[in-house]
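Novice: Got upload.cif for you, mmCIF, C-alpha atoms:
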```cif
data_protein
#
loop_
_atom_site.group_PDB
_atom_site.id
_atom_site.type_symbol
_atom_site.label_atom_id
_atom_site.label_comp_id
_atom_site.auth_asym_id
_atom_site.auth_seq_id
_atom_site.Cartn_x
_atom_site.Cartn_y
_atom_site.Cartn_z
ATOM 1 C CA MET C 1 -19.749 -10.248 -12.134
ATOM 2 C CA SER C 2 -18.692 -7.366 -9.886
ATOM 3 C CA LEU C 3 -17.403 -7.010 -6.336
ATOM 4 C CA HIS C 4 -20.360 -4.928 -5.139
ATOM 5 C CA GLY C 5 -21.122 -5.785 -1.538
ATOM 6 C CA LYS C 6 -17.674 -7.289 -0.948
ATOM 7 C CA VAL C 7 -15.179 -5.991 1.613
ATOM 8 C CA ALA C 8 -11.417 -6.266 1.143
ATOM 9 C CA ILE C 9 -8.253 -5.655 3.144
ATOM 10 C CA VAL C 10 -5.082 -4.796 1.215
ATOM 11 C CA THR C 11 -1.897 -4.596 3.262
ATOM 12 C CA GLY C 12 0.887 -2.311 2.105
ATOM 13 C CA SER C 13 -1.511 -0.358 -0.079
ATOM 14 C CA GLY C 14 -0.387 3.218 0.480
ATOM 15 C CA ARG C 15 1.458 3.319 -2.836
ATOM 16 C CA GLY C 16 2.782 1.202 -5.693
ATOM 17 C CA LEU C 17 1.331 -2.209 -6.430
ATOM 18 C CA GLY C 18 -0.744 -2.317 -3.253
ATOM 19 C CA LEU C 19 -2.412 0.981 -4.089
ATOM 20 C CA ALA C 20 -3.234 -0.285 -7.577
ATOM 21 C CA TYR C 21 -4.842 -3.399 -6.054
ATOM 22 C CA ALA C 22 -6.913 -1.352 -3.600
ATOM 23 C CA GLN C 23 -8.051 1.056 -6.304
ATOM 24 C CA GLU C 24 -9.064 -1.737 -8.684
ATOM 25 C CA LEU C 25 -10.983 -3.614 -5.991
ATOM 26 C CA ALA C 26 -12.807 -0.379 -5.119
ATOM 27 C CA ARG C 27 -13.445 0.352 -8.802
ATOM 28 C CA ARG C 28 -15.119 -3.056 -9.058
ATOM 29 C CA GLY C 29 -17.377 -2.235 -6.120
ATOM 30 C CA ALA C 30 -15.585 -3.522 -3.014
ATOM 31 C CA ALA C 31 -15.138 -1.472 0.127
ATOM 32 C CA VAL C 32 -11.454 -1.472 1.045
ATOM 33 C CA VAL C 33 -9.381 -1.291 4.208
ATOM 34 C CA VAL C 34 -6.164 0.446 3.149
ATOM 35 C CA ASN C 35 -3.099 -0.353 5.231
ATOM 36 C CA ASP C 36 0.412 1.085 5.337
ATOM 37 C CA VAL C 37 2.995 2.309 7.828
ATOM 38 C CA ASP C 38 3.064 5.729 6.144
ATOM 39 C CA ALA C 39 0.132 7.723 7.500
ATOM 40 C CA GLU C 40 0.238 10.345 4.753
ATOM 41 C CA ALA C 41 0.384 7.775 1.950
ATOM 42 C CA THR C 42 -2.466 5.828 3.541
ATOM 43 C CA ALA C 43 -4.645 8.929 3.830
ATOM 44 C CA ASP C 44 -3.889 9.868 0.228
ATOM 45 C CA ALA C 45 -4.797 6.349 -0.931
ATOM 46 C CA VAL C 46 -8.145 6.504 0.858
ATOM 47 C CA ALA C 47 -8.782 9.948 -0.639
ATOM 48 C CA THR C 48 -8.133 8.737 -4.208
ATOM 49 C CA ILE C 49 -10.559 5.856 -3.751
ATOM 50 C CA GLU C 50 -13.261 8.075 -2.269
ATOM 51 C CA ALA C 51 -12.745 10.700 -4.958
ATOM 52 C CA SER C 52 -13.573 8.032 -7.535
ATOM 53 C CA GLY C 53 -16.782 7.102 -5.739
ATOM 54 C CA GLY C 54 -15.403 4.179 -3.762
ATOM 55 C CA ARG C 55 -15.447 3.381 -0.067
ATOM 56 C CA ALA C 56 -12.267 3.033 1.971
ATOM 57 C CA VAL C 57 -10.891 3.351 5.471
ATOM 58 C CA ALA C 58 -7.295 3.516 6.709
ATOM 59 C CA VAL C 59 -5.319 1.434 9.188
ATOM 60 C CA VAL C 60 -1.823 2.786 9.803
ATOM 61 C CA ALA C 61 0.207 -0.046 11.313
ATOM 62 C CA PRO C 62 3.045 -2.441 10.418
ATOM 63 C CA VAL C 63 2.073 -5.984 9.484
ATOM 64 C CA GLY C 64 3.699 -8.801 11.385
ATOM 65 C CA PRO C 65 2.232 -8.425 14.873
ATOM 66 C CA THR C 66 -0.986 -10.265 15.630
ATOM 67 C CA GLU C 67 -2.332 -6.990 17.035
ATOM 68 C CA THR C 68 -2.192 -5.426 13.562
ATOM 69 C CA ALA C 69 -3.958 -8.422 12.020
ATOM 70 C CA LYS C 70 -6.743 -8.116 14.583
ATOM 71 C CA GLU C 71 -7.066 -4.378 13.960
ATOM 72 C CA LEU C 72 -7.330 -4.889 10.202
ATOM 73 C CA VAL C 73 -10.104 -7.468 10.482
ATOM 74 C CA SER C 74 -12.018 -5.617 13.181
ATOM 75 C CA THR C 75 -11.830 -2.393 11.149
ATOM 76 C CA ALA C 76 -13.294 -4.138 8.105
ATOM 77 C CA VAL C 77 -16.155 -5.594 10.126
ATOM 78 C CA GLU C 78 -16.865 -2.466 12.167
ATOM 79 C CA HIS C 79 -16.887 -0.100 9.175
ATOM 80 C CA PHE C 80 -18.322 -2.301 6.443
ATOM 81 C CA GLY C 81 -20.018 -5.195 8.246
ATOM 82 C CA ARG C 82 -18.070 -8.114 6.773
ATOM 83 C CA LEU C 83 -14.812 -9.381 5.258
ATOM 84 C CA ASP C 84 -14.583 -11.246 1.953
ATOM 85 C CA ILE C 85 -11.133 -10.615 0.474
ATOM 86 C CA LEU C 86 -7.645 -10.316 1.924
ATOM 87 C CA VAL C 87 -4.654 -9.254 -0.182
ATOM 88 C CA THR C 88 -1.317 -9.573 1.654
ATOM 89 C CA ASN C 89 0.996 -7.211 -0.187
ATOM 90 C CA ALA C 90 3.026 -5.446 2.525
ATOM 91 C CA GLY C 91 6.763 -5.917 2.352
ATOM 92 C CA VAL C 92 10.219 -4.465 2.850
ATOM 93 C CA LEU C 93 13.657 -5.125 1.360
ATOM 94 C CA ARG C 94 17.017 -5.483 3.097
ATOM 95 C CA ASP C 95 19.217 -6.731 0.255
ATOM 96 C CA SER C 96 22.710 -8.044 0.918
ATOM 97 C CA VAL C 97 24.824 -11.025 -0.053
ATOM 98 C CA LEU C 98 24.711 -13.927 2.387
ATOM 99 C CA TRP C 99 28.044 -13.268 4.098
ATOM 100 C CA LYS C 100 27.147 -9.640 4.761
ATOM 101 C CA MET C 101 23.487 -10.066 5.740
ATOM 102 C CA SER C 102 22.865 -9.254 9.393
ATOM 103 C CA ASP C 103 20.412 -10.959 11.715
ATOM 104 C CA ASP C 104 18.297 -7.804 11.613
ATOM 105 C CA ASP C 105 18.317 -7.756 7.788
ATOM 106 C CA PHE C 106 17.011 -11.315 7.774
ATOM 107 C CA ASP C 107 14.542 -11.026 10.631
ATOM 108 C CA THR C 108 12.985 -7.768 9.397
ATOM 109 C CA VAL C 109 12.132 -9.155 5.965
ATOM 110 C CA ILE C 110 10.889 -12.484 7.323
ATOM 111 C CA ASN C 111 8.769 -10.720 9.950
ATOM 112 C CA VAL C 112 6.999 -8.421 7.499
ATOM 113 C CA HIS C 113 6.599 -10.722 4.500
ATOM 114 C CA LEU C 114 6.258 -14.187 6.008
ATOM 115 C CA ARG C 115 5.015 -13.647 9.549
ATOM 116 C CA GLY C 116 2.887 -10.709 8.410
ATOM 117 C CA THR C 117 1.207 -12.894 5.815
ATOM 118 C CA PHE C 118 0.666 -15.668 8.355
ATOM 119 C CA THR C 119 -0.818 -13.519 11.127
ATOM 120 C CA THR C 120 -3.070 -11.526 8.812
ATOM 121 C CA VAL C 121 -4.381 -14.574 6.958
ATOM 122 C CA ARG C 122 -4.936 -16.456 10.214
ATOM 123 C CA GLU C 123 -7.047 -13.631 11.630
ATOM 124 C CA ALA C 124 -8.996 -13.169 8.393
ATOM 125 C CA VAL C 125 -9.691 -16.878 8.037
ATOM 126 C CA GLN C 126 -10.935 -17.158 11.605
ATOM 127 C CA HIS C 127 -13.534 -14.515 10.796
ATOM 128 C CA MET C 128 -14.403 -15.948 7.364
ATOM 129 C CA ARG C 129 -14.915 -19.471 8.713
ATOM 130 C CA GLN C 130 -17.168 -18.195 11.479
ATOM 131 C CA ALA C 131 -19.185 -16.091 9.021
ATOM 132 C CA GLY C 132 -19.652 -19.163 6.835
ATOM 133 C CA GLU C 133 -19.793 -17.325 3.502
ATOM 134 C CA GLY C 134 -16.439 -18.324 2.050
ATOM 135 C CA GLY C 135 -13.713 -15.875 1.175
ATOM 136 C CA ARG C 136 -10.679 -15.076 -0.931
ATOM 137 C CA ILE C 137 -7.064 -15.073 0.261
ATOM 138 C CA ILE C 138 -4.633 -13.517 -2.244
ATOM 139 C CA CYS C 139 -0.970 -13.471 -1.249
ATOM 140 C CA VAL C 140 1.741 -11.691 -3.183
ATOM 141 C CA GLY C 141 4.818 -13.687 -4.161
ATOM 142 C CA SER C 142 7.807 -12.894 -6.362
ATOM 143 C CA PRO C 143 9.908 -14.464 -9.113
ATOM 144 C CA THR C 144 12.669 -14.385 -6.483
ATOM 145 C CA GLY C 145 10.752 -16.894 -4.392
ATOM 146 C CA GLN C 146 10.396 -19.150 -7.430
ATOM 147 C CA ARG C 147 13.927 -19.020 -8.855
ATOM 148 C CA GLY C 148 16.173 -17.028 -6.498
ATOM 149 C CA THR C 149 17.919 -13.669 -6.936
ATOM 150 C CA PHE C 150 21.485 -12.705 -6.043
ATOM 151 C CA GLY C 151 21.595 -10.730 -2.803
ATOM 152 C CA GLN C 152 18.089 -11.611 -1.599
ATOM 153 C CA THR C 153 18.402 -14.555 0.795
ATOM 154 C CA ASN C 154 15.803 -13.106 3.160
ATOM 155 C CA TYR C 155 13.332 -12.056 0.462
ATOM 156 C CA ALA C 156 13.656 -15.367 -1.413
ATOM 157 C CA ALA C 157 13.035 -17.329 1.765
ATOM 158 C CA ALA C 158 9.974 -15.242 2.640
ATOM 159 C CA LYS C 159 8.406 -15.400 -0.823
ATOM 160 C CA ALA C 160 9.055 -19.123 -1.226
ATOM 161 C CA GLY C 161 7.570 -19.648 2.232
ATOM 162 C CA ILE C 162 4.433 -17.741 1.255
ATOM 163 C CA VAL C 163 3.892 -20.093 -1.682
ATOM 164 C CA GLY C 164 4.261 -23.102 0.613
ATOM 165 C CA MET C 165 1.741 -21.669 3.065
ATOM 166 C CA VAL C 166 -0.752 -20.832 0.320
ATOM 167 C CA ARG C 167 -0.678 -24.368 -1.071
ATOM 168 C CA THR C 168 -1.306 -25.691 2.423
ATOM 169 C CA TRP C 169 -4.127 -23.211 3.055
ATOM 170 C CA ALA C 170 -5.818 -24.189 -0.206
ATOM 171 C CA LEU C 171 -6.156 -27.692 1.251
ATOM 172 C CA GLU C 172 -7.196 -26.599 4.724
ATOM 173 C CA LEU C 173 -9.761 -24.001 3.624
ATOM 174 C CA LYS C 174 -11.474 -25.850 0.792
ATOM 175 C CA ARG C 175 -14.356 -27.117 2.914
ATOM 176 C CA ALA C 176 -15.071 -23.564 4.110
ATOM 177 C CA GLY C 177 -15.294 -22.252 0.543
ATOM 178 C CA ILE C 178 -12.246 -20.051 1.029
ATOM 179 C CA THR C 179 -9.736 -19.957 -1.811
ATOM 180 C CA ALA C 180 -6.031 -19.204 -1.416
ATOM 181 C CA ASN C 181 -3.767 -18.165 -4.293
ATOM 182 C CA THR C 182 -0.420 -16.482 -4.870
ATOM 183 C CA VAL C 183 0.068 -13.663 -7.373
ATOM 184 C CA VAL C 184 3.585 -13.155 -8.738
ATOM 185 C CA PRO C 185 3.717 -9.601 -10.146
ATOM 186 C CA VAL C 186 6.331 -8.288 -12.573
ATOM 187 C CA ALA C 187 5.951 -4.519 -12.818
ATOM 188 C CA ALA C 188 7.614 -1.137 -12.643
ATOM 189 C CA THR C 189 7.995 -0.478 -8.918
ATOM 190 C CA ALA C 190 10.431 1.226 -6.578
ATOM 191 C CA MET C 191 12.388 -2.036 -6.481
ATOM 192 C CA THR C 192 12.655 -2.580 -10.240
ATOM 193 C CA ALA C 193 13.433 1.110 -10.761
ATOM 194 C CA THR C 194 16.920 0.420 -9.414
ATOM 195 C CA VAL C 195 17.673 -2.359 -11.929
ATOM 196 C CA PRO C 196 19.475 -1.015 -15.046
ATOM 197 C CA TYR C 197 17.975 -3.760 -17.234
ATOM 198 C CA PHE C 198 14.492 -2.268 -16.726
ATOM 199 C CA ALA C 199 15.554 1.384 -17.005
ATOM 200 C CA ALA C 200 13.880 2.106 -20.354
ATOM 201 C CA ALA C 201 10.592 0.574 -19.220
ATOM 202 C CA VAL C 202 10.605 2.327 -15.856
ATOM 203 C CA ARG C 203 11.443 5.644 -17.539
ATOM 204 C CA ALA C 204 8.554 5.256 -19.990
ATOM 205 C CA GLU C 205 6.132 4.469 -17.179
ATOM 206 C CA ALA C 206 7.345 7.429 -15.106
ATOM 207 C CA ASN C 207 6.900 9.751 -18.093
ATOM 208 C CA GLY C 208 3.387 8.515 -18.788
ATOM 209 C CA GLU C 209 4.493 6.982 -22.096
ATOM 210 C CA PRO C 210 3.503 3.558 -23.454
ATOM 211 C CA MET C 211 5.869 0.887 -22.215
ATOM 212 C CA PRO C 212 7.876 -0.639 -25.102
ATOM 213 C CA ALA C 213 6.432 -3.867 -26.506
ATOM 214 C CA PHE C 214 9.686 -5.734 -25.801
ATOM 215 C CA PHE C 215 9.144 -5.309 -22.069
ATOM 216 C CA ARG C 216 5.394 -5.882 -22.076
ATOM 217 C CA HIS C 217 5.390 -8.936 -24.322
ATOM 218 C CA GLU C 218 8.820 -10.603 -24.197
ATOM 219 C CA LEU C 219 9.467 -10.004 -20.493
ATOM 220 C CA GLY C 220 5.904 -9.786 -19.211
ATOM 221 C CA PHE C 221 6.917 -6.526 -17.501
ATOM 222 C CA GLY C 222 4.320 -3.798 -17.194
ATOM 223 C CA THR C 223 2.639 -1.371 -14.831
ATOM 224 C CA ALA C 224 0.976 -1.899 -11.469
ATOM 225 C CA ASP C 225 -2.408 -1.626 -13.189
ATOM 226 C CA ASP C 226 -1.501 -4.635 -15.350
ATOM 227 C CA VAL C 227 -1.377 -6.750 -12.177
ATOM 228 C CA ALA C 228 -4.468 -5.329 -10.492
ATOM 229 C CA GLY C 229 -6.949 -7.026 -12.812
ATOM 230 C CA LEU C 230 -5.775 -10.481 -11.735
ATOM 231 C CA VAL C 231 -6.080 -9.533 -8.069
ATOM 232 C CA ALA C 232 -9.663 -8.340 -8.589
ATOM 233 C CA PHE C 233 -10.503 -11.483 -10.565
ATOM 234 C CA LEU C 234 -9.159 -13.772 -7.828
ATOM 235 C CA GLY C 235 -11.242 -11.822 -5.320
ATOM 236 C CA SER C 236 -14.447 -12.350 -7.279
ATOM 237 C CA ASP C 237 -17.075 -15.079 -7.430
ATOM 238 C CA ALA C 238 -15.822 -15.848 -10.944
ATOM 239 C CA ALA C 239 -12.677 -17.365 -9.347
ATOM 240 C CA ALA C 240 -14.517 -19.592 -6.874
ATOM 241 C CA SER C 241 -12.882 -22.714 -8.347
ATOM 242 C CA VAL C 242 -9.359 -21.264 -8.515
ATOM 243 C CA THR C 243 -7.285 -22.185 -5.480
ATOM 244 C CA GLY C 244 -3.768 -23.276 -4.586
ATOM 245 C CA GLN C 245 -2.340 -21.608 -7.681
ATOM 246 C CA VAL C 246 0.772 -19.491 -8.246
ATOM 247 C CA ILE C 247 -0.062 -17.075 -11.051
ATOM 248 C CA GLY C 248 2.461 -14.711 -12.588
ATOM 249 C CA VAL C 249 1.287 -11.570 -14.323
ATOM 250 C CA GLY C 250 2.902 -8.533 -15.892
ATOM 251 C CA GLY C 251 2.532 -6.500 -19.056
ATOM 252 C CA ASP C 252 0.786 -8.609 -21.692
ATOM 253 C CA ARG C 253 1.692 -11.957 -20.088
ATOM 254 C CA LEU C 254 0.031 -14.289 -17.596
ATOM 255 C CA GLN C 255 1.695 -17.479 -16.360
ATOM 256 C CA ILE C 256 0.601 -20.346 -14.162
ATOM 257 C CA TRP C 257 3.672 -21.609 -12.342
ATOM 258 C CA THR C 258 4.087 -25.342 -11.891
ATOM 259 C CA HIS C 259 4.080 -26.918 -8.497
ATOM 260 C CA PRO C 260 7.467 -28.585 -7.893
ATOM 261 C CA GLU C 261 7.665 -31.969 -9.591
ATOM 262 C CA ALA C 262 10.566 -34.397 -9.964
ATOM 263 C CA ALA C 263 12.474 -33.578 -13.151
ATOM 264 C CA LEU C 264 13.953 -37.072 -13.298
ATOM 265 C CA THR C 265 13.387 -40.326 -11.431
ATOM 266 C CA ALA C 266 15.881 -43.196 -11.440
ATOM 267 C CA HIS C 267 16.128 -46.403 -9.432
ATOM 268 C CA ARG C 268 19.088 -48.560 -8.530
ATOM 269 C CA GLU C 269 18.869 -51.837 -6.715
ATOM 270 C CA GLY C 270 20.616 -51.500 -3.386
ATOM 271 C CA GLY C 271 20.276 -47.699 -3.384
ATOM 272 C CA TRP C 272 22.417 -44.831 -4.554
ATOM 273 C CA THR C 273 25.827 -45.218 -2.934
ATOM 274 C CA TYR C 274 28.611 -42.665 -3.185
ATOM 275 C CA ASP C 275 30.453 -44.712 -5.804
ATOM 276 C CA ALA C 276 27.275 -45.254 -7.828
ATOM 277 C CA LEU C 277 26.572 -41.519 -7.866
ATOM 278 C CA VAL C 278 30.130 -40.621 -8.896
ATOM 279 C CA GLU C 279 29.776 -42.971 -11.841
ATOM 280 C CA ALA C 280 26.216 -42.196 -12.868
ATOM 281 C CA TRP C 281 25.820 -38.461 -12.225
ATOM 282 C CA PRO C 282 27.572 -37.149 -15.363
ATOM 283 C CA THR C 283 25.610 -39.382 -17.742
ATOM 284 C CA ARG C 284 22.259 -39.943 -16.029
ATOM 285 C CA PHE C 285 21.561 -36.910 -13.860
ATOM 286 C CA ALA C 286 23.586 -33.870 -14.903
ATOM 287 C CA GLY C 287 21.292 -33.125 -17.848
ATOM 288 C CA ALA C 288 18.285 -32.871 -15.524
ATOM 289 C CA ALA C 289 19.900 -30.391 -13.121
ATOM 290 C CA GLN C 290 17.736 -27.265 -12.757
ATOM 291 C CA SER C 291 18.819 -23.703 -13.490
ATOM 292 C CA VAL C 292 18.708 -20.983 -10.847
ATOM 293 C CA GLY C 293 17.943 -17.290 -11.094
ATOM 294 C CA GLU C 294 15.845 -15.493 -13.679
ATOM 295 C CA ARG C 295 16.933 -15.631 -17.297
ATOM 296 C CA PHE C 296 16.441 -12.465 -19.331
ATOM 297 C CA PRO C 297 16.889 -12.126 -23.092
ATOM 298 C CA LYS C 298 19.451 -9.657 -24.390
ATOM 299 C CA LEU C 299 18.115 -6.115 -24.425
ATOM 300 C CA PRO C 300 17.539 -4.586 -27.855
ATOM 301 C CA GLU C 301 20.208 -1.973 -28.506
ATOM 302 C CA GLU C 302 17.795 0.962 -28.159
ATOM 303 C CA PHE C 303 16.979 -0.062 -24.586
ATOM 304 C CA GLU C 304 20.554 -0.576 -23.390
ATOM 305 C CA PRO C 305 21.347 1.667 -20.391
ATOM 306 C CA ALA C 306 23.643 4.573 -21.179
ATOM 307 C CA PRO C 307 27.244 4.052 -19.993
ATOM 308 C CA SER C 308 27.858 5.634 -16.610
#
```
As a first step, turn the structure in this file into structure tokens.
Specialist:
Amino acid sequence: MSLHGKVAIVTGSGRGLGLAYAQELARRGAAVVVNDVDAEATADAVATIEASGGRAVAVVAPVGPTETAKELVSTAVEHFGRLDILVTNAGVLRDSVLWKMSDDDFDTVINVHLRGTFTTVREAVQHMRQAGEGGRIICVGSPTGQRGTFGQTNYAAAKAGIVGMVRTWALELKRAGITANTVVPVAATAMTATVPYFAAAVRAEANGEPMPAFFRHELGFGTADDVAGLVAFLGSDAAASVTGQVIGVGGDRLQIWTHPEAALTAHREGGWTYDALVEAWPTRFAGAAQSVGERFPKLPEEFEPAPS
């Protein structure tokens, strides 16, 4: 199956992961609306797609406002006649520990990631439902939204919220034949380039060298192109039965994340009083407590960052 005849919107697709998604969708035959706040990057992205024989058009605008969502959908319909696929990738970072995070740090990230996903999906779905031909909603999450990351209160909240919305949309949109899924990418990006743990992998990718097997296989950490195939698959007719899923992908690894389930269930006649919990927690519940944050294996010696 191909994406010939399909039309896609990819937010935040001027560079990085979003650009890889837009290029892969175009390579598979879809016409693409490329979106970014950087006019030059957006124009360059459109040019690379057209140079490879694809079709693309640019919308330079920040996601978040409903006006941008409307412009994205109307541009797709006016230029290409329809809308089949939406990939919500746009995002920003404002990292800081909780006690130093400003209102603006929090609001900016929530507005772009969470509100931007909501407004863009809402507008796309209104068109898809009216057209009556189904559709594909693909939202981009993060391991941070699944497990938490130090210094990313705002980003964790936004990415966890996206997963909650997607699961809800999968229920609401089923009758209309519209699927909704979350992709959790793990790849060399501007964000991971600043993390010393990934330095050897990022350096290899920047130099055009093969990424070491330790990163690709053990960590599931790869390039933007390693993620793009999943995005194209979820946008295709082959994924018509896949909805409500959180799928991690990177390097050589693909993961389907569980939906939250109770790790332990216990009953006590009369309920769980303070005294009952003090007595029972160490023996009955402590072993079921869940870990937080991502857990990485020790780096092989050859990939250890050089001392500063």
Novice: Output the residue selection produced by the PyMOL selection byres ((chain C and resi 140) around 12) on the file above, formatted as a ChimeraX atom specification.
Specialist: /C:10-12,17-18,21,86-91,113-114,116-117,137-139,141-145,158-163,165-166,180-186,227-228,230-231,245-249
Novice: Using atom CA of Asn154 of chain C and atom CA of Val109 of chain C as the two end points, give the distance in Å to one decimal.
Specialist: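 Atom-to-atom, atom CA of Asn154 of chain C and atom CA of Val109 of chain C are spaced 6.1 Å apart.
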Novice: Extract, using all atoms listed in the file, all DNA, RNA and protein residues at most 10 Å from Pro212 of chain C, discarding same-chain residues fewer than 2 positions from it, and format them as JSON, numbers by chain.
Specialist: {"C": [200, 201, 204, 205, 209, 210, 214, 215, 216, 217, 221, 222, 251, 303]}
Novice: Keeping C-alpha atoms, export the residues of the selection given above as a compact mmCIF listing (two decimals), keeping the file's coordinate frame.
Specialist:
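out-v1.txt, written as the output of this step:
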```txt
# COMPACT_ATOMS: atom_id res chain seq x y z
CA ALA C 200 13.88 2.11 -20.35
CA ALA C 201 10.59 0.57 -19.22
CA ALA C 204 8.55 5.26 -19.99
CA GLU C 205 6.13 4.47 -17.18
CA GLU C 209 4.49 6.98 -22.10
CA PRO C 210 3.50 3.56 -23.45
CA PHE C 214 9.69 -5.73 -25.80
CA PHE C 215 9.14 -5.31 -22.07
CA ARG C 216 5.39 -5.88 -22.08
CA HIS C 217 5.39 -8.94 -24.32
CA PHE C 221 6.92 -6.53 -17.50
CA GLY C 222 4.32 -3.80 -17.19
CA GLY C 251 2.53 -6.50 -19.06
CA PHE C 303 16.98 -0.06 -24.59
```
Novice: Going by the chain IDs and residue numbers used in this file, which residues fall under the PyMOL selection byres ((chain C and resi 198) around 10)? Write them as a ChimeraX atom specification.
Specialist: /C:187-188,192-197,199-203,215,219,221,299,303-305
Novice: On this structure, the PyMOL selection byres ((chain C and resi 52-57) around 8) would catch which residues? List them as a tab-separated table (two decimals) with C-alpha atoms, in the frame of the given file, sorted by chain and number.
Specialist:
```
chain	number	residue	atom	x	y	z
C	26	ALA	CA	-12.81	-0.38	-5.12
C	27	ARG	CA	-13.44	0.35	-8.80
C	29	GLY	CA	-17.38	-2.24	-6.12
C	30	ALA	CA	-15.58	-3.52	-3.01
C	31	ALA	CA	-15.14	-1.47	0.13
C	32	VAL	CA	-11.45	-1.47	1.04
C	33	VAL	CA	-9.38	-1.29	4.21
C	34	VAL	CA	-6.16	0.45	3.15
C	46	VAL	CA	-8.14	6.50	0.86
C	48	THR	CA	-8.13	8.74	-4.21
C	49	ILE	CA	-10.56	5.86	-3.75
C	50	GLU	CA	-13.26	8.07	-2.27
C	51	ALA	CA	-12.74	10.70	-4.96
C	58	ALA	CA	-7.30	3.52	6.71
C	59	VAL	CA	-5.32	1.43	9.19
C	79	HIS	CA	-16.89	-0.10	9.18
```
Novice: Considering all atoms listed in the file, state which residue in the set C:Glu133, C:Leu234, C:Thr283, C:Glu218 is at the smallest distance from Lys298 of chain C.
Specialist: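 Of C:Glu133, C:Leu234, C:Thr283, C:Glu218, the one nearest Lys298 of chain C, counting all atoms listed in the file, is C:Glu218.
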Novice: Just give me the gap between atom CA of Arg28 of chain C and atom CA of Ser2 of chain C in Å, one decimal is fine.
Specialist: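 So the answer is 5.7 Å.
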Novice: What is the atom CA of Leu72 of chain C-atom CA of Thr120 of chain C distance in Å, reported with one decimal?
Specialist: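 Rounded to one decimal, the two atoms are 8.0 Å apart.
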Novice: Measuring between only C-alpha atoms, which one of C:Asp103, C:Asp226, C:Glu172, C:Asp95 shows the shortest distance to Gln152 of chain C?
Specialist: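 Of C:Asp103, C:Asp226, C:Glu172, C:Asp95, the one nearest Gln152 of chain C, counting only C-alpha atoms, is C:Asp95.
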Novice: Here is a test: counting all atoms listed in the file, which residue of C:Leu264, C:Leu25, C:Met211, C:Val292 is nearest to Asp252 of chain C?
Specialist: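 Counting all atoms listed in the file, the residue closest to Asp252 of chain C is C:Met211.
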Novice: Using all atoms listed in the file, which of C:Arg94, C:Arg147, C:Arg129, C:Arg284 sits nearest Trp257 of chain C?
Specialist: C:Arg147
Novice: Show which residues sit within 12 Å of Glu40 of chain C, as a PyMOL selection string. Count all atoms listed in the file, and ignore same-chain residues fewer than 3 positions away.
Specialist: chain C and resi 13-15+34-37+43-47+58-60
Novice: Output C-alpha atoms for every residue in that selection, as a PDB file, keeping the file's coordinate frame.
Specialist:
```
ATOM      1  CA  SER C  13      -1.511  -0.358  -0.079  1.00  0.00           C
ATOM      2  CA  GLY C  14      -0.387   3.218   0.480  1.00  0.00           C
ATOM      3  CA  ARG C  15       1.458   3.319  -2.836  1.00  0.00           C
ATOM      4  CA  VAL C  34      -6.164   0.446   3.149  1.00  0.00           C
ATOM      5  CA  ASN C  35      -3.099  -0.353   5.231  1.00  0.00           C
ATOM      6  CA  ASP C  36       0.412   1.085   5.337  1.00  0.00           C
ATOM      7  CA  VAL C  37       2.995   2.309   7.828  1.00  0.00           C
ATOM      8  CA  ALA C  43      -4.645   8.929   3.830  1.00  0.00           C
ATOM      9  CA  ASP C  44      -3.889   9.868   0.228  1.00  0.00           C
ATOM     10  CA  ALA C  45      -4.797   6.349  -0.931  1.00  0.00           C
ATOM     11  CA  VAL C  46      -8.145   6.504   0.858  1.00  0.00           C
ATOM     12  CA  ALA C  47      -8.782   9.948  -0.639  1.00  0.00           C
ATOM     13  CA  ALA C  58      -7.295   3.516   6.709  1.00  0.00           C
ATOM     14  CA  VAL C  59      -5.319   1.434   9.188  1.00  0.00           C
ATOM     15  CA  VAL C  60      -1.823   2.786   9.803  1.00  0.00           C
TER      16      VAL C  60
END
```
Novice: Excluding Gly135 of chain C and residues on its chain fewer than 5 positions from it, collect all residues at most 12 Å away from it, counting all atoms listed in the file, and give them as a compact mmCIF listing (two decimals) with C-alpha atoms, keeping the file's coordinate frame.
Specialist:
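Dumped everything to around.txt:
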```txt
# COMPACT_ATOMS: atom_id res chain seq x y z
CA LYS C 6 -17.67 -7.29 -0.95
CA VAL C 7 -15.18 -5.99 1.61
CA ALA C 8 -11.42 -6.27 1.14
CA ILE C 9 -8.25 -5.66 3.14
CA ARG C 82 -18.07 -8.11 6.77
CA LEU C 83 -14.81 -9.38 5.26
CA ASP C 84 -14.58 -11.25 1.95
CA ILE C 85 -11.13 -10.62 0.47
CA LEU C 86 -7.64 -10.32 1.92
CA VAL C 87 -4.65 -9.25 -0.18
CA VAL C 121 -4.38 -14.57 6.96
CA ALA C 124 -9.00 -13.17 8.39
CA VAL C 125 -9.69 -16.88 8.04
CA GLN C 126 -10.94 -17.16 11.60
CA HIS C 127 -13.53 -14.52 10.80
CA MET C 128 -14.40 -15.95 7.36
CA ARG C 129 -14.92 -19.47 8.71
CA GLN C 130 -17.17 -18.20 11.48
CA ALA C 170 -5.82 -24.19 -0.21
CA LEU C 173 -9.76 -24.00 3.62
CA LYS C 174 -11.47 -25.85 0.79
CA ARG C 175 -14.36 -27.12 2.91
CA ALA C 176 -15.07 -23.56 4.11
CA GLY C 177 -15.29 -22.25 0.54
CA ILE C 178 -12.25 -20.05 1.03
CA THR C 179 -9.74 -19.96 -1.81
CA ALA C 180 -6.03 -19.20 -1.42
CA ASN C 181 -3.77 -18.16 -4.29
CA LEU C 234 -9.16 -13.77 -7.83
CA GLY C 235 -11.24 -11.82 -5.32
CA SER C 236 -14.45 -12.35 -7.28
CA ASP C 237 -17.08 -15.08 -7.43
CA ALA C 239 -12.68 -17.36 -9.35
CA ALA C 240 -14.52 -19.59 -6.87
CA SER C 241 -12.88 -22.71 -8.35
CA VAL C 242 -9.36 -21.26 -8.52
CA THR C 243 -7.28 -22.18 -5.48
```
